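Reproduced below: target_6.cif, with mmCIF, C-alpha atoms and all ligand atoms.
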```
data_structure
#
loop_
_atom_site.label_atom_id
_atom_site.label_comp_id
_atom_site.auth_asym_id
_atom_site.auth_seq_id
_atom_site.Cartn_x
_atom_site.Cartn_y
_atom_site.Cartn_z
CA MET S 1 115.93 112.69 90.01
CA PRO S 2 112.57 110.87 90.04
CA LYS S 3 111.22 109.86 93.44
CA ARG S 4 112.76 106.57 94.59
CA VAL S 5 110.63 103.42 94.30
CA ARG S 6 110.69 101.61 97.67
CA THR S 7 107.46 99.62 97.60
CA ALA S 8 106.40 96.67 95.46
CA VAL S 9 102.91 95.24 95.16
CA PHE S 10 102.28 91.53 94.51
CA PRO S 11 98.70 90.58 93.58
CA VAL S 12 98.27 87.01 94.87
CA ALA S 13 94.51 86.74 95.26
CA GLY S 14 93.79 84.81 92.02
CA LEU S 15 91.96 81.48 92.33
CA GLY S 16 94.31 79.52 90.07
CA THR S 17 91.50 77.57 88.43
CA ARG S 18 93.78 76.56 85.56
CA PHE S 19 95.84 74.43 87.96
CA LEU S 20 93.06 72.55 89.73
CA PRO S 21 93.18 70.27 91.61
CA ALA S 22 96.72 71.39 92.65
CA THR S 23 95.36 74.79 93.69
CA LYS S 24 92.25 73.62 95.52
CA ALA S 25 93.75 74.17 98.97
CA MET S 26 97.13 75.66 98.00
CA PRO S 27 97.68 79.10 96.45
CA LYS S 28 98.94 78.94 92.86
CA GLU S 29 101.75 81.32 93.85
CA MET S 30 103.21 78.48 95.93
CA LEU S 31 103.58 76.18 92.90
CA THR S 32 107.28 75.56 92.45
CA VAL S 33 109.62 76.08 89.55
CA VAL S 34 112.30 73.53 90.48
CA ASP S 35 112.38 74.13 94.26
CA ARG S 36 111.25 77.73 94.71
CA PRO S 37 107.65 78.94 94.80
CA LEU S 38 106.58 81.37 92.08
CA ILE S 39 106.11 84.16 94.63
CA GLN S 40 109.70 83.78 95.80
CA TYR S 41 111.02 84.54 92.31
CA ALA S 42 109.01 87.78 92.20
CA VAL S 43 110.10 88.86 95.69
CA ASP S 44 113.76 88.14 94.91
CA GLU S 45 113.48 90.13 91.68
CA ALA S 46 111.98 93.09 93.57
CA ARG S 47 114.64 92.95 96.26
CA GLU S 48 117.40 92.95 93.62
CA ALA S 49 115.80 96.13 92.23
CA GLY S 50 116.12 97.89 95.62
CA ILE S 51 112.60 97.32 97.00
CA GLU S 52 112.27 97.58 100.79
CA HIS S 53 108.53 97.18 101.35
CA PHE S 54 106.67 94.14 100.01
CA VAL S 55 102.88 94.48 99.79
CA PHE S 56 100.85 91.32 99.13
CA ILE S 57 97.24 91.50 97.96
CA THR S 58 95.92 88.18 99.18
CA GLY S 59 92.55 86.47 99.52
CA ARG S 60 90.97 83.53 101.29
CA ASN S 61 93.12 80.37 101.27
CA LYS S 62 96.34 82.36 100.92
CA GLY S 63 97.61 82.19 104.51
CA VAL S 64 100.51 79.97 103.47
CA ILE S 65 102.06 82.89 101.58
CA GLU S 66 102.23 84.91 104.80
CA ASP S 67 103.76 81.90 106.57
CA HIS S 68 106.28 81.48 103.76
CA PHE S 69 107.66 84.95 104.44
CA ASP S 70 107.84 84.43 108.19
CA LYS S 71 110.51 82.84 110.36
CA GLN S 72 110.14 79.09 110.86
CA PHE S 73 111.86 78.55 114.20
CA GLU S 74 111.45 74.79 114.33
CA LEU S 75 112.88 74.35 110.85
CA GLU S 76 115.76 76.75 111.54
CA HIS S 77 116.55 74.95 114.77
CA THR S 78 116.56 71.56 113.03
CA LEU S 79 118.79 72.78 110.19
CA ALA S 80 121.19 74.38 112.69
CA SER S 81 121.39 71.24 114.85
CA ARG S 82 122.10 69.14 111.73
CA GLY S 83 124.85 71.52 110.64
CA LYS S 84 123.03 72.51 107.42
CA SER S 85 124.34 76.04 107.56
CA GLU S 86 124.04 76.71 103.81
CA ALA S 87 120.31 75.90 103.71
CA LEU S 88 119.84 77.91 106.91
CA ASP S 89 121.66 80.96 105.52
CA GLU S 90 119.59 80.82 102.36
CA LEU S 91 116.31 80.66 104.30
CA GLN S 92 117.33 83.66 106.40
CA ARG S 93 118.62 85.70 103.45
CA GLU S 94 115.33 85.33 101.58
CA LEU S 95 113.13 86.67 104.36
CA PRO S 96 111.93 90.25 104.26
CA GLN S 97 113.20 91.98 107.40
CA ALA S 98 110.77 92.51 110.28
CA GLY S 99 108.15 95.05 109.25
CA GLN S 100 109.02 94.98 105.54
CA ALA S 101 106.08 92.79 104.45
CA SER S 102 102.45 93.92 104.50
CA PHE S 103 99.33 91.93 103.65
CA THR S 104 95.85 93.04 102.72
CA ARG S 105 92.94 91.16 101.18
CA GLN S 106 91.09 91.62 97.95
CA GLN S 107 87.67 90.56 99.20
CA GLU S 108 86.12 89.88 95.77
CA PRO S 109 87.75 88.79 92.50
CA LEU S 110 86.94 91.93 90.52
CA GLY S 111 90.06 92.01 88.34
CA LEU S 112 93.71 93.05 88.39
CA GLY S 113 92.86 96.78 88.52
CA HIS S 114 90.79 96.18 91.62
CA ALA S 115 93.56 94.12 93.24
CA VAL S 116 96.05 96.95 92.67
CA TRP S 117 93.54 99.49 94.04
CA CYS S 118 93.36 97.41 97.25
CA ALA S 119 97.02 98.41 97.86
CA ARG S 120 96.31 102.16 97.91
CA GLU S 121 96.45 102.67 101.69
CA LEU S 122 99.58 100.57 102.10
CA VAL S 123 101.40 102.24 99.19
CA GLY S 124 100.32 105.84 99.87
CA ASN S 125 101.29 108.76 97.70
CA GLN S 126 104.48 107.38 96.13
CA PRO S 127 105.51 105.48 92.99
CA PHE S 128 105.47 101.69 93.32
CA ALA S 129 106.57 98.58 91.48
CA LEU S 130 103.99 95.97 90.54
CA LEU S 131 105.00 92.36 89.90
CA LEU S 132 102.56 89.63 88.79
CA PRO S 133 104.05 86.45 90.28
CA ASP S 134 102.66 84.12 87.57
CA MET S 135 105.26 85.61 85.27
CA VAL S 136 108.75 84.24 85.94
CA PHE S 137 111.76 85.54 84.06
CA GLN S 138 115.10 84.29 82.97
CA ALA S 139 116.97 87.60 82.95
CA LYS S 140 120.23 89.04 84.24
CA PRO S 141 119.97 91.56 85.75
CA GLY S 142 116.37 90.92 86.73
CA VAL S 143 113.62 92.58 84.72
CA MET S 144 112.55 94.93 87.54
CA LYS S 145 116.17 96.08 87.98
CA GLN S 146 116.39 96.80 84.24
CA MET S 147 113.16 98.78 84.48
CA MET S 148 114.38 100.68 87.54
CA ASP S 149 117.47 101.74 85.56
CA ALA S 150 115.19 103.16 82.84
CA TYR S 151 113.01 104.83 85.50
CA GLU S 152 116.01 106.68 86.92
CA ASN S 153 116.38 108.42 83.53
CA THR S 154 112.75 109.01 82.62
CA GLY S 155 110.63 108.94 85.81
CA GLY S 156 106.90 108.55 85.16
CA ASN S 157 105.39 105.13 84.52
CA ILE S 158 107.34 102.17 83.13
CA ILE S 159 106.04 98.95 81.58
CA GLY S 160 108.16 95.89 80.79
CA VAL S 161 107.38 94.37 77.40
CA GLU S 162 108.41 91.40 75.30
CA GLU S 163 107.52 90.18 71.83
CA VAL S 164 104.45 87.99 71.72
CA ASN S 165 103.51 85.30 69.25
CA PRO S 166 101.00 87.27 67.11
CA ALA S 167 98.38 84.53 67.60
CA ASP S 168 98.44 85.06 71.38
CA THR S 169 97.62 88.79 71.67
CA ALA S 170 94.16 88.02 73.11
CA SER S 171 95.81 86.64 76.27
CA TYR S 172 97.66 89.83 77.22
CA GLY S 173 97.77 93.62 77.31
CA ILE S 174 99.46 95.00 74.18
CA VAL S 175 101.17 98.41 73.90
CA ALA S 176 101.45 100.81 70.97
CA ARG S 177 105.08 101.77 70.41
CA GLY S 178 106.15 105.36 69.78
CA GLU S 179 109.62 106.93 69.45
CA GLY S 180 112.72 105.81 71.32
CA PRO S 181 115.11 102.90 71.86
CA ASP S 182 114.19 99.40 73.04
CA LYS S 183 115.27 100.19 76.61
CA GLY S 184 113.08 103.27 76.89
CA PHE S 185 110.55 104.06 74.18
CA ALA S 186 107.40 106.12 74.44
CA ILE S 187 104.22 104.10 74.84
CA THR S 188 101.43 105.88 72.99
CA GLY S 189 98.54 103.61 73.97
CA MET S 190 97.57 100.14 75.14
CA VAL S 191 94.76 97.63 74.77
CA GLU S 192 93.76 94.72 77.00
CA LYS S 193 93.57 91.35 75.23
CA PRO S 194 92.98 92.48 71.63
CA LYS S 195 92.34 90.05 68.79
CA PRO S 196 95.45 89.70 66.60
CA ALA S 197 93.90 91.95 63.94
CA ASP S 198 93.31 94.75 66.49
CA ALA S 199 96.68 94.55 68.27
CA PRO S 200 98.64 97.84 68.02
CA SER S 201 102.02 96.01 68.03
CA ASN S 202 103.60 92.66 68.87
CA LEU S 203 104.78 93.89 72.29
CA PHE S 204 102.93 92.49 75.27
CA ILE S 205 102.78 93.58 78.90
CA SER S 206 104.54 90.76 80.70
CA GLY S 207 103.56 91.57 84.27
CA ARG S 208 106.12 94.13 85.43
CA TYR S 209 105.22 97.79 86.01
CA ILE S 210 106.44 100.92 87.80
CA LEU S 211 103.43 103.13 88.41
CA GLN S 212 102.71 106.57 89.81
CA PRO S 213 100.13 106.82 92.62
CA GLU S 214 97.65 108.75 90.45
CA ILE S 215 96.66 105.33 89.06
CA PHE S 216 94.75 104.77 92.32
CA THR S 217 92.51 107.79 91.67
CA ILE S 218 91.58 106.40 88.27
CA LEU S 219 91.04 102.89 89.65
CA SER S 220 88.70 104.38 92.30
CA GLN S 221 86.15 104.91 89.55
CA GLN S 222 85.87 101.10 89.34
CA THR S 223 85.11 101.14 85.61
CA ARG S 224 84.56 97.64 84.19
CA GLY S 225 86.36 96.58 81.00
CA THR S 226 87.27 93.36 79.18
CA GLY S 227 85.60 90.32 80.77
CA GLY S 228 83.52 92.58 83.06
CA GLU S 229 86.61 93.11 85.24
CA ILE S 230 88.25 96.28 86.55
CA GLN S 231 91.28 96.29 84.26
CA LEU S 232 94.62 97.86 85.12
CA THR S 233 95.33 98.35 81.41
CA ASP S 234 92.20 100.50 81.02
CA ALA S 235 93.24 102.69 83.97
CA MET S 236 96.75 103.10 82.50
CA GLN S 237 95.19 104.06 79.17
CA VAL S 238 93.44 106.92 81.04
CA LEU S 239 96.60 107.95 82.93
CA ILE S 240 98.62 108.07 79.72
CA LYS S 241 96.75 111.25 78.82
CA GLN S 242 98.28 112.94 81.89
CA GLN S 243 101.66 111.25 82.44
CA SER S 244 104.46 109.61 80.46
CA PHE S 245 104.54 105.83 79.96
CA THR S 246 107.87 104.33 78.91
CA GLY S 247 108.28 100.83 77.50
CA VAL S 248 111.32 98.72 78.36
CA LYS S 249 112.01 95.78 76.06
CA TYR S 250 114.23 94.06 78.58
CA ASP S 251 117.00 91.51 78.02
CA GLY S 252 115.61 88.12 78.98
CA ARG S 253 112.50 86.06 78.51
CA VAL S 254 109.32 85.38 80.40
CA PHE S 255 107.63 82.09 81.25
CA ASP S 256 103.91 82.52 81.75
CA CYS S 257 103.50 80.17 84.69
CA GLY S 258 99.77 80.91 84.74
CA SER S 259 99.57 78.51 81.80
CA LYS S 260 100.51 74.83 82.04
CA ILE S 261 102.86 74.94 79.06
CA GLY S 262 104.68 78.02 80.40
CA PHE S 263 104.94 76.49 83.85
CA LEU S 264 106.25 73.15 82.62
CA THR S 265 108.72 74.81 80.27
CA ALA S 266 110.00 77.04 83.10
CA ASN S 267 110.67 73.96 85.20
CA VAL S 268 112.71 72.36 82.45
CA VAL S 269 114.67 75.51 81.56
CA PHE S 270 115.41 76.50 85.16
CA ALA S 271 116.50 72.96 86.04
CA LEU S 272 118.83 72.88 83.03
CA ASP S 273 120.28 76.17 84.29
CA ARG S 274 121.09 74.78 87.74
CA PRO S 275 124.67 73.55 88.10
CA ASP S 276 123.64 71.01 90.76
CA LEU S 277 120.94 69.46 88.54
CA ALA S 278 121.79 70.17 84.89
CA ASP S 279 123.87 67.11 83.94
CA ASP S 280 121.63 64.47 85.50
CA PHE S 281 118.44 66.20 84.42
CA ARG S 282 119.57 66.62 80.81
CA ARG S 283 120.33 62.91 80.62
CA GLU S 284 116.94 61.94 82.06
CA VAL S 285 115.00 64.36 79.84
CA LYS S 286 116.79 63.15 76.72
CA ALA S 287 116.01 59.55 77.59
CA ALA S 288 112.39 60.39 78.35
CA ILE S 289 111.90 62.36 75.13
CA GLY S 290 113.55 59.59 73.13
CA SER S 291 110.88 57.16 74.32
CA PHE S 292 108.01 59.22 72.83
C1 LIG S 301 97.10 90.65 83.24
C2 LIG S 301 97.05 92.01 82.55
C3 LIG S 301 97.61 91.91 81.14
C4 LIG S 301 99.01 91.33 81.17
C5 LIG S 301 98.99 89.98 81.90
C6 LIG S 301 100.39 89.45 82.09
O1 LIG S 301 96.19 89.77 82.61
O2 LIG S 301 95.72 92.46 82.56
O3 LIG S 301 97.64 93.19 80.56
O4 LIG S 301 99.49 91.17 79.87
O5 LIG S 301 98.41 90.11 83.20
O6 LIG S 301 100.33 88.22 82.73
P1 LIG S 301 95.70 88.41 83.30
O7 LIG S 301 96.81 87.43 83.14
O8 LIG S 301 95.42 88.73 84.74
O9 LIG S 301 94.48 88.00 82.55
#
```
What would the structure in this file look like if it were written as structure tokens?
Amino acid sequence: MPKRVRTAVFPVAGLGTRFLPATKAMPKEMLTVVDRPLIQYAVDEAREAGIEHFVFITGRNKGVIEDHFDKQFELEHTLASRGKSEALDELQRELPQAGQASFTRQQEPLGLGHAVWCARELVGNQPFALLLPDMVFQAKPGVMKQMMDAYENTGGNIIGVEEVNPADTASYGIVARGEGPDKGFAITGMVEKPKPADAPSNLFISGRYILQPEIFTILSQQTRGTGGEIQLTDAMQVLIKQQSFTGVKYDGRVFDCGSKIGFLTANVVFALDRPDLADDFRREVKAAIGSF
């Protein structure tokens, strides 16, 4: 049996420049898809996968995220006194238990690899899940749960992948596919943001990982890659020479909420999926589209 994964890391230090001015004073991870902030989707997904320790890599201007995962006594009191027990239960259910959330800061924006490295003391010498909260999934069970199921069979490192539009490879990490089924194939290599002509496959890394702690040793070397940043993909490409990497082409689809189109589409799709909103929203959207 591989060692159980109890800890998840959420890098939330990014500046969110693509969503200015919305993100001038508010973290991009608090942007909402329908009525839940992006970070809440990632935390819920991790919890569903059995995670018990939630590690947030934050930065300046991100205090609201810590508040979001804290008790809000005034709000709870008001909901209770107004008899809104359903909303109250939901708020309480979504909170990590006392002591289950940890926060540390990435002091400089040196790249995703550097952000992950900042978690090394909080994670320690154990495997961990990594969830990039910009990426929101429509998937049942959740993508991290599907990856955890694969991990129980294979151990090692796991990367969630999905097919990418071939024109978009330069926006993502792309893996090279070796032997094995969709739900657990060998990854033989990976490249960060290749041009379409250099991409080793059409499978992109969609922001969900299970990693072994040896990645921290490699990240300690602070080697710069694409865009002058310390890239997680480069560190994984080093680790792959020592440990197995398994790809999981999960059931479901991702919305890249770091891009405006992905974010807007997620809002439409998730609203159409909500029993309390779907009928009215469909009617309004149809009418609105008809007028263009
Ligand atoms: C990061 C990773 C990339 C991955 C992407 C998913 O890139 O480096 O491999 O495909 O997240 O969102 P970033 O979006 O930080 O440029």
Inset, instruction - List the neighbours of range 265-267 of chain S out to 8 Å using all atoms listed in the file; skip same-chain residues closer than 3 positions along the sequence, and give me the result as a list in words. - result: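 Everything that qualifies: Val33, Val34, Val136, Phe255, Cys257, Ile261, Gly262, Phe270 and Ala271 of chain S.
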Legend entry - Shell around Leu20 in chain S at 12 Å using only C-alpha atoms, local window under 5 positions removed, as a VMD selection string: chain S and resid 15 25 to 28 31 258 to 260
Taking all atoms listed in the file into account, which residues are within 8 Å of ligand LIG 301 (chain S), as a compact mmCIF listing (two decimals) with C-alpha atoms, in the coordinates of the input?
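Saved result, pocket-v9.txt, follows:
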```txt
# COMPACT_ATOMS: atom_id res chain seq x y z
CA GLY S 111 90.06 92.01 88.34
CA LEU S 112 93.71 93.05 88.39
CA GLY S 113 92.86 96.78 88.52
CA LEU S 132 102.56 89.63 88.79
CA ASP S 134 102.66 84.12 87.57
CA MET S 135 105.26 85.61 85.27
CA SER S 171 95.81 86.64 76.27
CA TYR S 172 97.66 89.83 77.22
CA GLY S 173 97.77 93.62 77.31
CA ILE S 174 99.46 95.00 74.18
CA VAL S 191 94.76 97.63 74.77
CA GLU S 192 93.76 94.72 77.00
CA LYS S 193 93.57 91.35 75.23
CA PHE S 204 102.93 92.49 75.27
CA ILE S 205 102.78 93.58 78.90
CA SER S 206 104.54 90.76 80.70
CA GLY S 207 103.56 91.57 84.27
CA GLN S 231 91.28 96.29 84.26
CA LEU S 232 94.62 97.86 85.12
CA THR S 233 95.33 98.35 81.41
CA ASP S 256 103.91 82.52 81.75
CA GLY S 258 99.77 80.91 84.74
```
Inset, instruction - Identify, on the basis of all atoms listed in the file, every residue whose closest approach to range 41-53 of chain S does not exceed 6 Å; exclude the query and any residue fewer than 5 positions from it along the same chain; express the result as a PyMOL selection string. - result: chain S and resi 6-7+100-101+133+142+144-145
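Proximity of S:Ala186, S:Ala235, S:Leu277, S:Val143 to Asp35 in chain S, computed with only C-alpha atoms, is greatest for S:Leu277.
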Inset, instruction - Skip Glu162 in chain S itself and residues of its chain fewer than 6 positions away, then list as number ranges by chain all residues within 10 Å of it, counting all atoms listed in the file. - result: S: 174, 202-206, 247-254
Resulting file, chosen residues, C-alpha atoms, as a compact mmCIF listing (two decimals), keeping the file's coordinate frame:
```txt
# COMPACT_ATOMS: atom_id res chain seq x y z
CA ILE S 174 99.46 95.00 74.18
CA ASN S 202 103.60 92.66 68.87
CA LEU S 203 104.78 93.89 72.29
CA PHE S 204 102.93 92.49 75.27
CA ILE S 205 102.78 93.58 78.90
CA SER S 206 104.54 90.76 80.70
CA GLY S 247 108.28 100.83 77.50
CA VAL S 248 111.32 98.72 78.36
CA LYS S 249 112.01 95.78 76.06
CA TYR S 250 114.23 94.06 78.58
CA ASP S 251 117.00 91.51 78.02
CA GLY S 252 115.61 88.12 78.98
CA ARG S 253 112.50 86.06 78.51
CA VAL S 254 109.32 85.38 80.40
```
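Here CA of Thr188 in chain S and CA of Ala167 in chain S stand 22.2 Å from one another.
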Legend entry - Proximity to Met190 in chain S - best of S:Thr58, S:Gln237, S:Asn153, S:Thr223, only C-alpha atoms: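 Answer, going by the shortest atom-to-atom distance: S:Gln237.
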Near-Ala115 in chain S list (10 Å; all atoms listed in the file; drop same-chain fewer than 2 positions) as a PDB file with C-alpha atoms, keeping the file's coordinate frame:
```
ATOM      1  CA  VAL S   9     102.910  95.240  95.160  1.00  0.00           C
ATOM      2  CA  PHE S  10     102.280  91.530  94.510  1.00  0.00           C
ATOM      3  CA  PRO S  11      98.700  90.580  93.580  1.00  0.00           C
ATOM      4  CA  VAL S  12      98.270  87.010  94.870  1.00  0.00           C
ATOM      5  CA  ALA S  13      94.510  86.740  95.260  1.00  0.00           C
ATOM      6  CA  GLY S  14      93.790  84.810  92.020  1.00  0.00           C
ATOM      7  CA  PHE S  56     100.850  91.320  99.130  1.00  0.00           C
ATOM      8  CA  ILE S  57      97.240  91.500  97.960  1.00  0.00           C
ATOM      9  CA  THR S  58      95.920  88.180  99.180  1.00  0.00           C
ATOM     10  CA  GLY S  59      92.550  86.470  99.520  1.00  0.00           C
ATOM     11  CA  THR S 104      95.850  93.040 102.720  1.00  0.00           C
ATOM     12  CA  ARG S 105      92.940  91.160 101.180  1.00  0.00           C
ATOM     13  CA  GLN S 106      91.090  91.620  97.950  1.00  0.00           C
ATOM     14  CA  GLN S 107      87.670  90.560  99.200  1.00  0.00           C
ATOM     15  CA  GLU S 108      86.120  89.880  95.770  1.00  0.00           C
ATOM     16  CA  PRO S 109      87.750  88.790  92.500  1.00  0.00           C
ATOM     17  CA  LEU S 110      86.940  91.930  90.520  1.00  0.00           C
ATOM     18  CA  GLY S 111      90.060  92.010  88.340  1.00  0.00           C
ATOM     19  CA  LEU S 112      93.710  93.050  88.390  1.00  0.00           C
ATOM     20  CA  GLY S 113      92.860  96.780  88.520  1.00  0.00           C
ATOM     21  CA  TRP S 117      93.540  99.490  94.040  1.00  0.00           C
ATOM     22  CA  CYS S 118      93.360  97.410  97.250  1.00  0.00           C
ATOM     23  CA  ALA S 119      97.020  98.410  97.860  1.00  0.00           C
ATOM     24  CA  ARG S 120      96.310 102.160  97.910  1.00  0.00           C
ATOM     25  CA  LEU S 219      91.040 102.890  89.650  1.00  0.00           C
ATOM     26  CA  ILE S 230      88.250  96.280  86.550  1.00  0.00           C
ATOM     27  CA  GLN S 231      91.280  96.290  84.260  1.00  0.00           C
ATOM     28  CA  LEU S 232      94.620  97.860  85.120  1.00  0.00           C
TER      29      LEU S 232
END
```
Legend entry - Gap from CA of Thr246 in chain S to CA of Val5 in chain S - Å, one decimal: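 About the pair CA of Thr246 in chain S and CA of Val5 in chain S: they are 15.7 Å apart.
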Since the input is missing atoms for range 208-235 of chain S, could you rebuild it with N, CA and C atoms and give the result as a PDB file, in the coordinates of the input?
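What ended up in result00.pdb:
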```
ATOM      1  N   ARG S 208     105.241  93.296  84.618  1.00  0.00           N
ATOM      2  CA  ARG S 208     106.120  94.130  85.430  1.00  0.00           C
ATOM      3  C   ARG S 208     105.858  95.604  85.116  1.00  0.00           C
ATOM      4  N   TYR S 209     105.608  96.387  86.173  1.00  0.00           N
ATOM      5  CA  TYR S 209     105.220  97.790  86.010  1.00  0.00           C
ATOM      6  C   TYR S 209     105.907  98.638  87.085  1.00  0.00           C
ATOM      7  N   ILE S 210     106.170  99.901  86.770  1.00  0.00           N
ATOM      8  CA  ILE S 210     106.440 100.920  87.800  1.00  0.00           C
ATOM      9  C   ILE S 210     105.367 101.981  87.568  1.00  0.00           C
ATOM     10  N   LEU S 211     104.593 102.262  88.599  1.00  0.00           N
ATOM     11  CA  LEU S 211     103.430 103.130  88.410  1.00  0.00           C
ATOM     12  C   LEU S 211     103.432 104.287  89.395  1.00  0.00           C
ATOM     13  N   GLN S 212     102.868 105.392  88.958  1.00  0.00           N
ATOM     14  CA  GLN S 212     102.710 106.570  89.810  1.00  0.00           C
ATOM     15  C   GLN S 212     101.378 106.443  90.578  1.00  0.00           C
ATOM     16  N   PRO S 213     101.298 107.049  91.761  1.00  0.00           N
ATOM     17  CA  PRO S 213     100.130 106.820  92.620  1.00  0.00           C
ATOM     18  C   PRO S 213      98.814 107.365  92.059  1.00  0.00           C
ATOM     19  N   GLU S 214      98.891 108.233  91.051  1.00  0.00           N
ATOM     20  CA  GLU S 214      97.650 108.750  90.450  1.00  0.00           C
ATOM     21  C   GLU S 214      96.817 107.621  89.841  1.00  0.00           C
ATOM     22  N   ILE S 215      97.431 106.465  89.597  1.00  0.00           N
ATOM     23  CA  ILE S 215      96.660 105.330  89.060  1.00  0.00           C
ATOM     24  C   ILE S 215      95.532 104.939  90.024  1.00  0.00           C
ATOM     25  N   PHE S 216      95.766 105.152  91.334  1.00  0.00           N
ATOM     26  CA  PHE S 216      94.750 104.770  92.320  1.00  0.00           C
ATOM     27  C   PHE S 216      93.483 105.620  92.168  1.00  0.00           C
ATOM     28  N   THR S 217      93.671 106.899  91.846  1.00  0.00           N
ATOM     29  CA  THR S 217      92.510 107.790  91.670  1.00  0.00           C
ATOM     30  C   THR S 217      91.658 107.283  90.514  1.00  0.00           C
ATOM     31  N   ILE S 218      92.330 106.883  89.436  1.00  0.00           N
ATOM     32  CA  ILE S 218      91.580 106.400  88.270  1.00  0.00           C
ATOM     33  C   ILE S 218      90.889 105.070  88.605  1.00  0.00           C
ATOM     34  N   LEU S 219      91.621 104.192  89.296  1.00  0.00           N
ATOM     35  CA  LEU S 219      91.040 102.890  89.650  1.00  0.00           C
ATOM     36  C   LEU S 219      89.851 103.043  90.606  1.00  0.00           C
ATOM     37  N   SER S 220      89.822 104.149  91.364  1.00  0.00           N
ATOM     38  CA  SER S 220      88.700 104.380  92.300  1.00  0.00           C
ATOM     39  C   SER S 220      87.370 104.464  91.585  1.00  0.00           C
ATOM     40  N   GLN S 221      87.419 104.804  90.295  1.00  0.00           N
ATOM     41  CA  GLN S 221      86.150 104.910  89.550  1.00  0.00           C
ATOM     42  C   GLN S 221      85.551 103.538  89.266  1.00  0.00           C
ATOM     43  N   GLN S 222      86.359 102.482  89.434  1.00  0.00           N
ATOM     44  CA  GLN S 222      85.870 101.100  89.340  1.00  0.00           C
ATOM     45  C   GLN S 222      85.166 100.807  88.008  1.00  0.00           C
ATOM     46  N   THR S 223      85.703 101.375  86.940  1.00  0.00           N
ATOM     47  CA  THR S 223      85.110 101.140  85.610  1.00  0.00           C
ATOM     48  C   THR S 223      85.401  99.707  85.151  1.00  0.00           C
ATOM     49  N   ARG S 224      84.374  99.018  84.662  1.00  0.00           N
ATOM     50  CA  ARG S 224      84.560  97.640  84.190  1.00  0.00           C
ATOM     51  C   ARG S 224      85.005  97.631  82.730  1.00  0.00           C
ATOM     52  N   GLY S 225      85.895  96.694  82.397  1.00  0.00           N
ATOM     53  CA  GLY S 225      86.360  96.580  81.000  1.00  0.00           C
ATOM     54  C   GLY S 225      86.240  95.159  80.502  1.00  0.00           C
ATOM     55  N   THR S 226      87.256  94.716  79.746  1.00  0.00           N
ATOM     56  CA  THR S 226      87.270  93.360  79.180  1.00  0.00           C
ATOM     57  C   THR S 226      86.891  92.311  80.239  1.00  0.00           C
ATOM     58  N   GLY S 227      85.996  91.400  79.884  1.00  0.00           N
ATOM     59  CA  GLY S 227      85.600  90.320  80.770  1.00  0.00           C
ATOM     60  C   GLY S 227      84.792  90.792  81.976  1.00  0.00           C
ATOM     61  N   GLY S 228      84.307  92.047  81.942  1.00  0.00           N
ATOM     62  CA  GLY S 228      83.520  92.580  83.060  1.00  0.00           C
ATOM     63  C   GLY S 228      84.376  92.904  84.284  1.00  0.00           C
ATOM     64  N   GLU S 229      85.710  92.891  84.111  1.00  0.00           N
ATOM     65  CA  GLU S 229      86.610  93.110  85.240  1.00  0.00           C
ATOM     66  C   GLU S 229      87.146  94.538  85.267  1.00  0.00           C
ATOM     67  N   ILE S 230      87.587  94.977  86.435  1.00  0.00           N
ATOM     68  CA  ILE S 230      88.250  96.280  86.550  1.00  0.00           C
ATOM     69  C   ILE S 230      89.693  96.066  86.081  1.00  0.00           C
ATOM     70  N   GLN S 231      90.008  96.602  84.926  1.00  0.00           N
ATOM     71  CA  GLN S 231      91.280  96.290  84.260  1.00  0.00           C
ATOM     72  C   GLN S 231      92.327  97.371  84.542  1.00  0.00           C
ATOM     73  N   LEU S 232      93.515  96.923  84.921  1.00  0.00           N
ATOM     74  CA  LEU S 232      94.620  97.860  85.120  1.00  0.00           C
ATOM     75  C   LEU S 232      94.977  98.541  83.797  1.00  0.00           C
ATOM     76  N   THR S 233      94.955  97.773  82.713  1.00  0.00           N
ATOM     77  CA  THR S 233      95.330  98.350  81.410  1.00  0.00           C
ATOM     78  C   THR S 233      94.422  99.522  81.051  1.00  0.00           C
ATOM     79  N   ASP S 234      93.133  99.400  81.316  1.00  0.00           N
ATOM     80  CA  ASP S 234      92.200 100.500  81.020  1.00  0.00           C
ATOM     81  C   ASP S 234      92.558 101.747  81.836  1.00  0.00           C
ATOM     82  N   ALA S 235      92.889 101.547  83.113  1.00  0.00           N
ATOM     83  CA  ALA S 235      93.240 102.690  83.970  1.00  0.00           C
ATOM     84  C   ALA S 235      94.535 103.350  83.469  1.00  0.00           C
TER      85      ALA S 235
END
```
